[in-house]
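Peer 1: I am attaching a structure below and will ask some questions about it afterwards.
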Amino acid sequence: MATTFTTRLPVQPLAPPRIKQIGLGDLRLALAAGWRDFAATPTQLVFLGVIYPVVGLVAARAAGGGDMLPLLWPLVAGLSLLGPLTALGLYEISRQREQGRPTSWLTAFEALRSPGMFSIGVLAVYLLALFVLWVTAAQALWNGIMLPAGAAPTSLGELFTLVTQTPEGMRLLLYGNLVGLGFALAAFIGTVVSFPLLLDRPTDPGTAMLTSLRVVMANPVPMLAWGLVVAALLVLGSLPLFVGLAVVMPWLGHSTWHLYRRAVG
């Protein structure tokens with residue numbers, strides 16, 4: 001279906017958004033609406049075209065041994081930190097669908113015409129910085145825990161054995177998951193509705209991140225549940241050779257837009 005490109009002129013910034021109370025039922029409704037958007041404008045082939053080259057490159061480099069091998073899981077897991085940024089085009093599709101406009105996968109590119117692209121770029125730098133810091137922390141944990149024990153895996157099988165069947169490996173899993181949780185929370189709290197907000201209305205990065213924080217603080221239980229849903233779906237989507245992510249990621253992207261609509265007045 002052809003897509004009609006529209007011009008969106010910048011206007012004066014609005015007052016700080018009003019935060020609404022939501023419940024667990026709103027999460028279910030957001031997921032249902034997100035699935036309808038995905039079914040109406042499927043983008044799984046686009047995501048397959050992005051996911052497999054990136055994951056394949058990381059896996060190939062890691063499988064070859066050397067310094068990249070211990071970073072295989074941190075690199076793949078860390079890509080989820082960039083999820084809110086990669087879903088920008090999905091938010092635009094959902095935004096136009098709720099306005100009754102015809103959409104296709106090309107509609108995603110209209111997000112690049114948004115007046116808020118500078119602010120979106122600032123938040124993108126924030127997420128990229130979190131990703132780099134996470135990978136750096138993962139490398140530091142490996143160097144501090146596994147290297148003194150003489151760990152030098154040359155294959156994925158050796159790496160798995162070291163991490164799951166040695167005392168040092170169990171410590172690495174514990175500390176690594178705790179540190180990873182910290183980075184995930186920093187990304188989640190600061191951006192859960194930031195990118196949809198910047199795409200939807202004129203505001204600045206600070207206000208967008210503060211709005212995300214206010215949403216989480218006003219709705220701690222539903223937002224905790226949302227974070228768990230996102231994590232669980234990403235894990236399930238990763239299990240069959242990452243192919244499920246081509247469905248899970250666009251579904252979650254569209255659903256996040258509808259969650260934003262329910263949480264931000």
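Convention: chains lettered A, B, ... in structure tokens order; per-chain residue numbering from 1; ligands numbered from 1 as shown.
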Could you pull out all residues of region 119-235 of chain A with a DSSP call of alpha helix (DSSP H) and give them as a PyMOL selection string?
Peer 2: chain A and resi 119-145+156-165+167-191+194-200+205-218+220-235
Peer 1: Write a file of the selected residues as an mmCIF file, in the first residue's frame, keeping C-alpha atoms.
Peer 2:
```cif
data_model
loop_
_atom_site.group_PDB
_atom_site.id
_atom_site.type_symbol
_atom_site.label_atom_id
_atom_site.label_comp_id
_atom_site.auth_asym_id
_atom_site.auth_seq_id
_atom_site.Cartn_x
_atom_site.Cartn_y
_atom_site.Cartn_z
ATOM 1 C CA SER A 119 16.077 15.434 20.926
ATOM 2 C CA ILE A 120 15.676 11.849 19.743
ATOM 3 C CA GLY A 121 19.341 11.908 18.724
ATOM 4 C CA VAL A 122 20.337 13.068 22.212
ATOM 5 C CA LEU A 123 18.496 10.150 23.788
ATOM 6 C CA ALA A 124 20.042 7.823 21.217
ATOM 7 C CA VAL A 125 23.487 8.910 22.433
ATOM 8 C CA TYR A 126 22.360 8.134 25.996
ATOM 9 C CA LEU A 127 21.363 4.582 25.028
ATOM 10 C CA LEU A 128 24.548 4.029 23.016
ATOM 11 C CA ALA A 129 26.588 5.199 25.998
ATOM 12 C CA LEU A 130 24.767 2.705 28.237
ATOM 13 C CA PHE A 131 25.506 -0.053 25.729
ATOM 14 C CA VAL A 132 29.222 0.777 25.604
ATOM 15 C CA LEU A 133 29.424 1.023 29.404
ATOM 16 C CA TRP A 134 27.662 -2.324 29.782
ATOM 17 C CA VAL A 135 30.058 -4.104 27.422
ATOM 18 C CA THR A 136 33.006 -2.433 29.197
ATOM 19 C CA ALA A 137 31.681 -3.571 32.575
ATOM 20 C CA ALA A 138 31.180 -7.105 31.279
ATOM 21 C CA GLN A 139 34.773 -7.194 30.048
ATOM 22 C CA ALA A 140 36.006 -5.879 33.412
ATOM 23 C CA LEU A 141 34.048 -8.569 35.275
ATOM 24 C CA TRP A 142 35.540 -11.294 33.071
ATOM 25 C CA ASN A 143 39.045 -9.924 33.530
ATOM 26 C CA GLY A 144 38.605 -9.601 37.283
ATOM 27 C CA ILE A 145 36.962 -12.969 37.956
ATOM 28 C CA LEU A 156 31.409 -21.839 22.871
ATOM 29 C CA GLY A 157 31.294 -25.241 24.559
ATOM 30 C CA GLU A 158 34.303 -24.454 26.734
ATOM 31 C CA LEU A 159 32.857 -21.055 27.595
ATOM 32 C CA PHE A 160 29.549 -22.598 28.660
ATOM 33 C CA THR A 161 31.326 -25.156 30.847
ATOM 34 C CA LEU A 162 33.500 -22.530 32.509
ATOM 35 C CA VAL A 163 30.580 -20.255 33.281
ATOM 36 C CA THR A 164 28.170 -22.912 34.548
ATOM 37 C CA GLN A 165 30.431 -25.482 36.240
ATOM 38 C CA PRO A 167 32.898 -21.353 41.224
ATOM 39 C CA GLU A 168 34.347 -18.409 39.296
ATOM 40 C CA GLY A 169 31.750 -18.872 36.568
ATOM 41 C CA MET A 170 28.893 -18.817 39.066
ATOM 42 C CA ARG A 171 30.271 -15.609 40.570
ATOM 43 C CA LEU A 172 30.494 -14.141 37.088
ATOM 44 C CA LEU A 173 26.857 -15.032 36.401
ATOM 45 C CA LEU A 174 25.730 -13.504 39.698
ATOM 46 C CA TYR A 175 27.642 -10.236 39.406
ATOM 47 C CA GLY A 176 27.093 -9.983 35.662
ATOM 48 C CA ASN A 177 23.332 -10.334 35.986
ATOM 49 C CA LEU A 178 23.226 -7.779 38.805
ATOM 50 C CA VAL A 179 25.262 -5.255 36.814
ATOM 51 C CA GLY A 180 23.221 -5.976 33.690
ATOM 52 C CA LEU A 181 20.025 -5.422 35.659
ATOM 53 C CA GLY A 182 21.312 -2.005 36.695
ATOM 54 C CA PHE A 183 21.950 -0.974 33.093
ATOM 55 C CA ALA A 184 18.588 -2.378 31.999
ATOM 56 C CA LEU A 185 16.812 -0.356 34.700
ATOM 57 C CA ALA A 186 18.663 2.801 33.668
ATOM 58 C CA ALA A 187 17.521 2.313 30.087
ATOM 59 C CA PHE A 188 13.982 1.306 31.024
ATOM 60 C CA ILE A 189 13.280 4.073 33.543
ATOM 61 C CA GLY A 190 14.750 6.782 31.343
ATOM 62 C CA THR A 191 13.236 5.786 28.012
ATOM 63 C CA SER A 194 10.599 8.969 26.062
ATOM 64 C CA PHE A 195 10.903 8.128 22.377
ATOM 65 C CA PRO A 196 7.136 7.906 21.744
ATOM 66 C CA LEU A 197 6.734 11.233 23.565
ATOM 67 C CA LEU A 198 9.401 12.970 21.476
ATOM 68 C CA LEU A 199 7.839 11.616 18.300
ATOM 69 C CA ASP A 200 4.349 12.642 19.361
ATOM 70 C CA PRO A 205 15.198 15.254 26.104
ATOM 71 C CA GLY A 206 15.230 16.159 29.797
ATOM 72 C CA THR A 207 11.453 16.486 29.949
ATOM 73 C CA ALA A 208 11.049 13.237 28.019
ATOM 74 C CA MET A 209 13.280 11.308 30.428
ATOM 75 C CA LEU A 210 11.620 12.952 33.439
ATOM 76 C CA THR A 211 8.243 11.937 32.054
ATOM 77 C CA SER A 212 9.414 8.326 31.809
ATOM 78 C CA LEU A 213 10.596 8.499 35.412
ATOM 79 C CA ARG A 214 7.266 9.977 36.509
ATOM 80 C CA VAL A 215 5.357 7.221 34.698
ATOM 81 C CA VAL A 216 7.385 4.541 36.493
ATOM 82 C CA MET A 217 7.031 6.226 39.890
ATOM 83 C CA ALA A 218 3.283 6.745 39.463
ATOM 84 C CA PRO A 220 5.426 1.015 39.938
ATOM 85 C CA VAL A 221 3.608 -2.326 39.840
ATOM 86 C CA PRO A 222 2.319 -2.130 36.236
ATOM 87 C CA MET A 223 5.657 -0.806 34.979
ATOM 88 C CA LEU A 224 7.573 -3.535 36.813
ATOM 89 C CA ALA A 225 5.220 -6.047 35.223
ATOM 90 C CA TRP A 226 5.812 -4.415 31.832
ATOM 91 C CA GLY A 227 9.565 -4.726 32.250
ATOM 92 C CA LEU A 228 9.174 -8.414 33.107
ATOM 93 C CA VAL A 229 6.922 -8.967 30.083
ATOM 94 C CA VAL A 230 9.453 -7.300 27.789
ATOM 95 C CA ALA A 231 12.339 -9.341 29.231
ATOM 96 C CA ALA A 232 10.406 -12.620 29.007
ATOM 97 C CA LEU A 233 9.310 -12.038 25.409
ATOM 98 C CA LEU A 234 12.838 -11.079 24.350
ATOM 99 C CA VAL A 235 14.229 -14.255 25.921
#
```
Peer 1: Fewer than 5 positions away in the same chain doesn't count, so skip those; otherwise give me all residues within 12 Å of Arg97 (chain A), counting only C-alpha atoms, as a list in words.
Peer 2: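 Contacts, in chain order: Thr3, Ala33, Gly34, Arg36, Asp37, Phe38, Ala40, Thr41, Leu90, Tyr91, Glu92, Pro102, Thr103, Ser104, Trp105, Thr107, Ala108, His254, Trp257 and His258 of chain A.
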Peer 1: Go ahead and save the residues from that selection, with C-alpha atoms, as a CSV table (one decimal), in the first residue's frame.
Peer 2:
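Saved to out25.csv:
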```csv
chain,number,residue,atom,x,y,z
A,3,THR,CA,2.4,5.7,1.8
A,33,ALA,CA,-3.4,-3.2,20.2
A,34,GLY,CA,0.3,-3.6,19.4
A,36,ARG,CA,-3.2,-5.6,15.7
A,37,ASP,CA,-0.8,-2.9,14.4
A,38,PHE,CA,1.8,-5.6,13.7
A,40,ALA,CA,-2.0,-4.8,9.8
A,41,THR,CA,1.5,-3.6,8.9
A,90,LEU,CA,7.1,1.3,14.7
A,91,TYR,CA,5.9,4.1,16.9
A,92,GLU,CA,5.3,6.2,13.8
A,102,PRO,CA,-3.0,4.1,5.4
A,103,THR,CA,0.4,2.6,6.4
A,104,SER,CA,3.0,0.3,5.1
A,105,TRP,CA,6.5,-0.6,6.3
A,107,THR,CA,5.7,4.6,6.9
A,108,ALA,CA,8.4,3.9,9.5
A,254,HIS,CA,3.8,-1.1,18.7
A,257,TRP,CA,3.3,3.2,21.7
A,258,HIS,CA,-0.1,2.1,23.0
```
Peer 1: Which residue out of A:Ser238, A:Met117, A:Ala15, A:Trp35 has the minimum interatomic distance to Ala77 (chain A) when only C-alpha atoms are used?
Peer 2: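 Among A:Ser238, A:Met117, A:Ala15, A:Trp35, it is A:Ser238 that comes nearest to Ala77 (chain A).
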Peer 1: Just how far from CA of Phe118 (chain A) is CA of Leu75 (chain A), in Å to one decimal?
Peer 2: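 Going from CA of Leu75 (chain A) over to CA of Phe118 (chain A), I get 26.9 Å.
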Peer 1: With only C-alpha atoms as the basis for distance, which of A:Gly83, A:Gly265, A:Pro115, A:Pro70 is at the shortest distance from Leu147 (chain A)?
Peer 2: A:Pro70
Peer 1: Which distance in Å separates CA of Val247 (chain A) and CA of Val76 (chain A), to one decimal?
Peer 2: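 Answer for the CA of Val247 (chain A) to CA of Val76 (chain A) separation: 17.1 Å.
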